[in-house]
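Comments concern the structure below.
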Amino acid sequence: MRPEPARRQNPLLRQWLLFGAGIGMALVYSGYILAWTRTSGTGEGSFAEIGVVLAFGMGLIVLCACRRETRLRLSHYASCLPLLLWLGMSFIAALAQGEGKFIAWLAFALLLFALMAHVDIARARLVEAFLVLGLIEAVAFLLFNREALFAYAGGRGRVSFDNPAYTLSAYAMSGGLLAAVYSFVHLGRARLMSLCVLALTVTIILGTGTRSVLAGVAASVTVLLTLGGGMTAPGGLRRTVFTGGAVVAVMVIVPGLWARLSQTLELVVTGLGSLSGANALERSAEGRRYFREIGLQNIADHPWAGSGFMTRQLDFPLLQAAQDFGLFLGACFIIAALLLPGLWSLKALRHGRDAEKFIAALFILNSPRLFLHGTPYDWVTFTYLLPVYGMALCRPLPNPRPDARLPAFWPEPIDG
């Protein structure tokens, strides 16, 4: 009796599947921009469209991503306990308050966590996928929001939608910028698409002058070049100089970028002074200082039980977690959202694969949000936080298989 021929994977099909998984992750991270037919709104009336894009992105991950091949150990479960405790208590509180928006956001977080724990997203072609989506987002921004560049109102770029919505858009496009830098420095691919994404996103980010995005980009690029081995790899220093030269060329060619960067850095200094109470020159930072003092007072009044779910929005997620639920659950959120992902990201930057380094840099890019924007329940927080958990849960075994396996429901071609 003839033995059954061994199954072999189709390399071309596997690469397309991994690219599809990367597109799915990029859509989950930033696809809400594509859900807006016009970006002149805040997105508040586009929850149905955003939900469709998120569902499509997660569907691509389910269909195309590789299955996790590691067995979860007790240490894995222990590392996830602070996050699951926080999500569970927040979801129960949102249900008790009848907050439909927060219920939907936290349900999305739980679903995305289950997905990240099941698939190995770090095997996907994330850099190429974020490049493609970053190009689309940058072109869409320039089509609908050209007036935002170099226009000033109260020290910020005057955009045709409000600041919270623009901040989301800027962070999303920064993912494309990070992918372009990674493609140049780490992968050594100076392709036309990478150059276009780099030029467009540098123009938009510097031209509109969002300080937290600029700080996140600077931090993430720095760790990629140093801890990530970008400058120390063979040819890395030459590619780093080339990338820096390309950025300088964009700033020279596009009029007004140098002046805009200078104004943004000046706003950083005045904003820090207003946040510390040394001056009251910057209204946004002054408002954050006021809310910070309210949050600290609420924590002092109710240190263990908390003041209650969404007593007041502070625009400081790490502080709001302790205000709403007390010091214990606040510490759980700090551990789950900042300390553990930060440690895993540093480890991935030193020893990880390309996609793992990119996921780590993406978390560092977005980490200013934990101090400056939104609430700990915002669904966008989980789009850059949970992939780090997926990376940590799916680390390869000591003797991993040489090639990623196709999803179980994709038939593997048989030679014979």
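Residue names in the structure tokens use chain letters A, B, ... in the order shown, residue numbers from 1 in each chain, and ligand numbers from 1 in the order shown.
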
With a cut-off of 7 Å, could you pull out the residues of region 173-263 of chain A touching region 112-132 of chain A and give me the nearest pair of atoms for each, distance in Å to one decimal, using only C-alpha atoms, ordered by chain and ascending number, as a Markdown table?
```
| residue | atom | partner | partner_atom | distance |
| --- | --- | --- | --- | --- |
| A:Gly175 | CA | A:Phe130 | CA | 6.5 |
| A:Gly176 | CA | A:Leu131 | CA | 5.1 |
| A:Ala179 | CA | A:Val127 | CA | 5.1 |
| A:Ala180 | CA | A:Leu131 | CA | 6.4 |
| A:Ser194 | CA | A:Leu131 | CA | 6.9 |
| A:Val197 | CA | A:Leu131 | CA | 6.9 |
```

Could the residues of region 344-391 of chain A that have an atom at most 10 Å from region 6-25 of chain A be listed as CSV, each with its closest atom pair and the distance in Å to one decimal, counting only C-alpha atoms and ordered by chain and ascending residue number?
```
residue,atom,partner,partner_atom,distance
A:Ala355,CA,A:Gly22,CA,9.5
A:Thr383,CA,A:Met25,CA,8.6
A:Tyr384,CA,A:Met25,CA,9.8
A:Pro387,CA,A:Met25,CA,8.7
```

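Residues in contact with region 345-352 of chain A at 10 Å, where only C-alpha atoms are counted and same-chain residues fewer than 3 positions away are skipped, are listed as Ala122, Val223, Leu224, Leu225, Thr226, Leu227, Gly228, Gly229, Leu339, Leu340, Pro341, Gly342, Ala355, Glu356, Lys357, Phe358, Ile359, Ala360, Ala361, Leu362, Phe363, Ile364, Val388, Tyr389, Met391, Ala392 and Arg395 of chain A.
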
Using the selection just defined, write its residues with N, CA, C and O atoms as a tab-separated table (two decimals), in the first residue's frame.
```
chain	number	residue	atom	x	y	z
A	122	ALA	N	2.58	37.94	15.10
A	122	ALA	CA	3.96	38.36	14.83
A	122	ALA	C	4.55	37.67	13.60
A	122	ALA	O	5.64	38.04	13.16
A	223	VAL	N	14.28	54.03	19.59
A	223	VAL	CA	14.49	52.67	20.10
A	223	VAL	C	14.71	51.68	18.96
A	223	VAL	O	15.45	50.69	19.11
A	224	LEU	N	14.09	51.92	17.80
A	224	LEU	CA	14.34	51.05	16.66
A	224	LEU	C	15.79	51.13	16.20
A	224	LEU	O	16.41	50.12	15.86
A	225	LEU	N	16.33	52.34	16.19
A	225	LEU	CA	17.70	52.52	15.72
A	225	LEU	C	18.73	52.04	16.72
A	225	LEU	O	19.83	51.64	16.34
A	226	THR	N	18.41	52.06	18.01
A	226	THR	CA	19.38	51.70	19.05
A	226	THR	C	19.11	50.29	19.58
A	226	THR	O	19.81	49.35	19.22
A	227	LEU	N	18.10	50.13	20.40
A	227	LEU	CA	17.79	48.82	20.96
A	227	LEU	C	17.40	47.81	19.89
A	227	LEU	O	17.71	46.63	19.99
A	228	GLY	N	16.71	48.30	18.85
A	228	GLY	CA	16.29	47.41	17.78
A	228	GLY	C	17.39	47.00	16.83
A	228	GLY	O	17.16	46.19	15.92
A	229	GLY	N	18.59	47.54	16.98
A	229	GLY	CA	19.73	47.15	16.16
A	229	GLY	C	19.77	47.76	14.79
A	229	GLY	O	20.52	47.29	13.92
A	339	LEU	N	3.50	48.70	32.29
A	339	LEU	CA	4.71	48.02	32.75
A	339	LEU	C	4.99	46.74	31.97
A	339	LEU	O	6.08	46.57	31.40
A	340	LEU	N	4.03	45.80	31.94
A	340	LEU	CA	4.26	44.53	31.24
A	340	LEU	C	4.47	44.74	29.74
A	340	LEU	O	5.44	44.22	29.18
A	341	PRO	N	3.60	45.50	29.04
A	341	PRO	CA	3.87	45.72	27.61
A	341	PRO	C	5.19	46.43	27.36
A	341	PRO	O	5.87	46.15	26.36
A	342	GLY	N	5.57	47.35	28.26
A	342	GLY	CA	6.86	48.02	28.08
A	342	GLY	C	8.03	47.06	28.19
A	342	GLY	O	8.96	47.11	27.38
A	355	ALA	N	8.53	41.49	12.69
A	355	ALA	CA	7.19	41.91	13.07
A	355	ALA	C	7.09	42.17	14.57
A	355	ALA	O	6.36	43.07	15.00
A	356	GLU	N	7.83	41.41	15.38
A	356	GLU	CA	7.82	41.65	16.83
A	356	GLU	C	8.44	42.99	17.16
A	356	GLU	O	7.94	43.72	18.03
A	357	LYS	N	9.52	43.34	16.50
A	357	LYS	CA	10.13	44.65	16.72
A	357	LYS	C	9.18	45.76	16.30
A	357	LYS	O	9.09	46.80	16.96
A	358	PHE	N	8.46	45.54	15.21
A	358	PHE	CA	7.52	46.56	14.74
A	358	PHE	C	6.37	46.73	15.73
A	358	PHE	O	5.95	47.85	16.02
A	359	ILE	N	5.82	45.62	16.25
A	359	ILE	CA	4.75	45.69	17.24
A	359	ILE	C	5.23	46.44	18.48
A	359	ILE	O	4.51	47.28	19.05
A	360	ALA	N	6.46	46.15	18.91
A	360	ALA	CA	7.01	46.83	20.09
A	360	ALA	C	7.16	48.33	19.83
A	360	ALA	O	6.80	49.16	20.68
A	361	ALA	N	7.69	48.69	18.66
A	361	ALA	CA	7.84	50.11	18.35
A	361	ALA	C	6.50	50.81	18.22
A	361	ALA	O	6.35	51.98	18.58
A	362	LEU	N	5.49	50.10	17.72
A	362	LEU	CA	4.15	50.66	17.60
A	362	LEU	C	3.57	50.97	18.98
A	362	LEU	O	2.90	51.99	19.17
A	363	PHE	N	3.83	50.10	19.96
A	363	PHE	CA	3.38	50.38	21.32
A	363	PHE	C	4.08	51.61	21.89
A	363	PHE	O	3.44	52.47	22.50
A	364	ILE	N	5.38	51.72	21.68
A	364	ILE	CA	6.11	52.87	22.19
A	364	ILE	C	5.63	54.15	21.52
A	364	ILE	O	5.50	55.20	22.16
A	388	VAL	N	0.70	43.47	21.62
A	388	VAL	CA	1.87	43.16	22.44
A	388	VAL	C	1.60	41.91	23.27
A	388	VAL	O	2.47	41.05	23.44
A	389	TYR	N	0.37	41.79	23.79
A	389	TYR	CA	0.01	40.58	24.53
A	389	TYR	C	0.03	39.36	23.61
A	389	TYR	O	0.49	38.28	24.00
A	391	MET	N	1.88	38.95	21.00
A	391	MET	CA	3.29	38.64	20.77
A	391	MET	C	3.88	37.88	21.95
A	391	MET	O	4.63	36.91	21.77
A	392	ALA	N	3.55	38.30	23.17
A	392	ALA	CA	4.11	37.64	24.36
A	392	ALA	C	3.56	36.23	24.54
A	392	ALA	O	4.28	35.33	24.98
A	395	ARG	N	5.22	33.52	21.76
A	395	ARG	CA	6.66	33.37	21.55
A	395	ARG	C	6.96	31.93	21.14
A	395	ARG	O	6.38	30.98	21.68
```

**Asked** So which residues of region 103-342 of chain A fall under helix (DSSP H, G or I) by DSSP, listed as a ChimeraX atom specification?
**Response** /A:103-118,121-123,126-144,146-148,163-185,192-208,211-225,236-253,257-276,283-301,317-325,327-342

**Prompt:** Which neighbours of Arg369 (chain A) fall inside 9 Å, counting only C-alpha atoms, when residues of the same chain fewer than 5 positions from it are skipped, and could you give them as a PyMOL selection string?
**Reply:** chain A and resi 212-213+315-317+374+381

**Request:** Find the distance between CA of Ser220 (chain A) and CA of Ser75 (chain A) and write it in Å to one decimal.
**Result:** 27.8 Å

**Message:** Set the distance at 9 Å and use only C-alpha atoms: which residues neighbour Thr240 (chain A) once local chain neighbours fewer than 6 positions away are removed? I'd like the list as JSON, numbers by chain.
**Reply:** {"A": [181, 184, 185, 225, 230, 231]}

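In this structure, CA of Phe108 (chain A) sits 10.1 Å away from CA of Asp378 (chain A).
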
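Distance check against Ala331 (chain A) using only C-alpha atoms: of A:Leu83, A:Met193, A:Leu206, A:Leu365, the minimum falls on A:Leu83.
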
**Prompt:** How many Å lie between CA of Ile103 (chain A) and CA of Ser284 (chain A), rounded to one decimal?
**Reply:** 28.6 Å

**Message:** When you count only C-alpha atoms, which of these residues is closest to Leu296 (chain A): A:Gln323, A:Ser183, A:Leu195, A:Val52?
**Reply:** A:Gln323

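Between Leu143 (chain A) and the candidates A:Ile204, A:Gln320, A:Leu198, A:Ser90, the tightest atom-to-atom separation, counting only C-alpha atoms, involves A:Ile204.
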
**Message:** Please return, as a VMD selection string, all residues of region 103-335 of chain A that DSSP assigns to strand (DSSP E or B) on the basis of the backbone.
**Reply:** chain A and resid 119 152 to 153 156 to 157

I need the residues from that last selection saved to file as a PDB file, in the first residue's frame (with C-alpha atoms), if you can.
```
ATOM      1  CA  VAL A 119      -3.193  33.544  16.462  1.00  0.00           C
ATOM      2  CA  TYR A 152      -2.874  78.051  13.137  1.00  0.00           C
ATOM      3  CA  ALA A 153      -5.602  78.517  15.718  1.00  0.00           C
ATOM      4  CA  ARG A 156      -2.453  74.140  16.947  1.00  0.00           C
ATOM      5  CA  GLY A 157      -3.118  73.104  13.396  1.00  0.00           C
TER       6      GLY A 157
END
```
